[in-house]
Amino acid sequence: MDQLLSVKIGCLVALLVLTLVCGLIPARVKWFQKNSTEGLHHLILCLISSFAAGIFLGACLLHVVAEYLTNISDELSYINYPMGLLILSLGFFFVLCIERVVLHFCNHPQNPPQNGIQMSNVQCSSEVSIYPDKDDKNVFPVPTHLQSEDPHSHVHHATYSHSSFRSLILFCSLSIHSIFEGLAIGLQTSFSTALEIAIAVLIHKGIIVFSLSLKLVNSMTQPAWLLTYIVFFSLMSPVGLAIGIGVTMAKTTVISLVQAVLEGISSGTFVYVTFLEILPQELNSDEKPLLKVLFIAIGFTIMAVIAIWA
């Protein structure tokens, strides 16, 4: 077995193990779960979440979007039009439309008014826990038909609906990007280049999967689904790397163009989730806003440093 193939196979195994370990830490360690936390513990988790938001911001702008724009400009250099940004925008609007349709049908009225109570805010679930204040622990689950008396009661369910759906979209876009990362390693023909990219991807992947797992935990994803997400995500880069090893080194123009277009759609979904879900969730809180901005900046800085080699 030559050195190049050894590096690729070693990276394949390392990516699988590292992604599983880093992804399962927030998922299995209760310390990272925000439920019923308070005081210093709650503040630390909020700052970790803000750090993860900075990681996603840096990954979005300096890695996913930057790599895509470079690839699409090489493939469509003969077109005098910003096709790269147009394809990215299509991915953005695709997720926007899907989300609006899903939430519309999820929150669609199911029952007519009863006893003079307007039922337009009836939710899909039969029971929702309402927590008006994070320090108020004496609040019990309220039946849905009683929640409709409060004009703001639907906000909590809508928030969780948005968060869960956008977390799923984030998972899908990162999974697609992970396949292309593995593919980039698998298609290398130089030992030194393959090793450099492999090291950068390993560092990048460990941070990203930890942040993704933390995001899924904070979005109240069911443990079984959370474990499924992490295992599935862990397989994406090794799958891409295996494909890269198995295919010919001389890629056709059509394959390169299709890959670039898929990267653009994935980048658009990543932009959508980063700027409409992750950052607003962190910045709309009144708890230590300047400190949270600092940790977002720290996370972004780390991804900026990794971009030097990645």
# chains A, B, ... in the order shown; residues from 1 in each chain; ligands from 1
>>> residues_around(residues="stretch 293-301 of chain A", least_positions_apart="2", cutoff="8 Å", atoms="only C-alpha atoms", output="VMD selection string")
chain A and resid 47 to 48 50 to 59 283 289 to 291 303 to 305
>>> closest_atom_pairs(of="stretch 207-227 of chain A", to="stretch 258-279 of chain A", cutoff="12 Å", atoms="only C-alpha atoms", output="Markdown table")
| residue | atom | partner | partner_atom | distance |
| --- | --- | --- | --- | --- |
| A:Ser211 | CA | A:Ile278 | CA | 10.9 |
| A:Leu212 | CA | A:Ile278 | CA | 10.7 |
| A:Leu214 | CA | A:Ile278 | CA | 11.6 |
| A:Lys215 | CA | A:Ile278 | CA | 8.4 |
| A:Leu216 | CA | A:Ile278 | CA | 11.2 |
| A:Asn218 | CA | A:Ile278 | CA | 11.0 |
| A:Ser219 | CA | A:Ile278 | CA | 10.7 |
>>> write_last_selection(atoms="C-alpha atoms", output="PDB file, in the first residue's frame")
ATOM      1  CA  SER A 211     -21.322  22.559  17.634  1.00  0.00           C
ATOM      2  CA  LEU A 212     -23.942  20.737  15.567  1.00  0.00           C
ATOM      3  CA  LEU A 214     -24.902  21.099  20.868  1.00  0.00           C
ATOM      4  CA  LYS A 215     -27.344  22.871  18.566  1.00  0.00           C
ATOM      5  CA  LEU A 216     -29.482  19.737  18.202  1.00  0.00           C
ATOM      6  CA  ASN A 218     -30.622  22.855  22.544  1.00  0.00           C
ATOM      7  CA  SER A 219     -33.346  22.380  19.919  1.00  0.00           C
TER       8      SER A 219
END
>>> atom_distance(atom1="atom CA of A:Gly186", atom2="atom CA of A:Ile230")
22.1 Å
>>> closest_residue(among="A:Gly182, A:Pro280, A:Gly39, A:Gly10", to="A:Ser234", atoms="only C-alpha atoms")
A:Gly182
>>> closest_residue(among="A:Leu16, A:Ile306, A:Leu61, A:Leu183", to="A:Ile203", atoms="only C-alpha atoms")
A:Ile306
>>> atom_distance(atom1="atom CA of A:Cys46", atom2="atom CA of A:Phe32")
9.9 Å
>>> closest_residue(among="A:Ser256, A:Ala194, A:Ala200, A:Cys60", to="A:Ser173", atoms="only C-alpha atoms")
A:Cys60
>>> closest_residue(among="A:Ile98, A:Val209, A:Leu168, A:Ala307", to="A:Leu24", atoms="only C-alpha atoms")
A:Val209
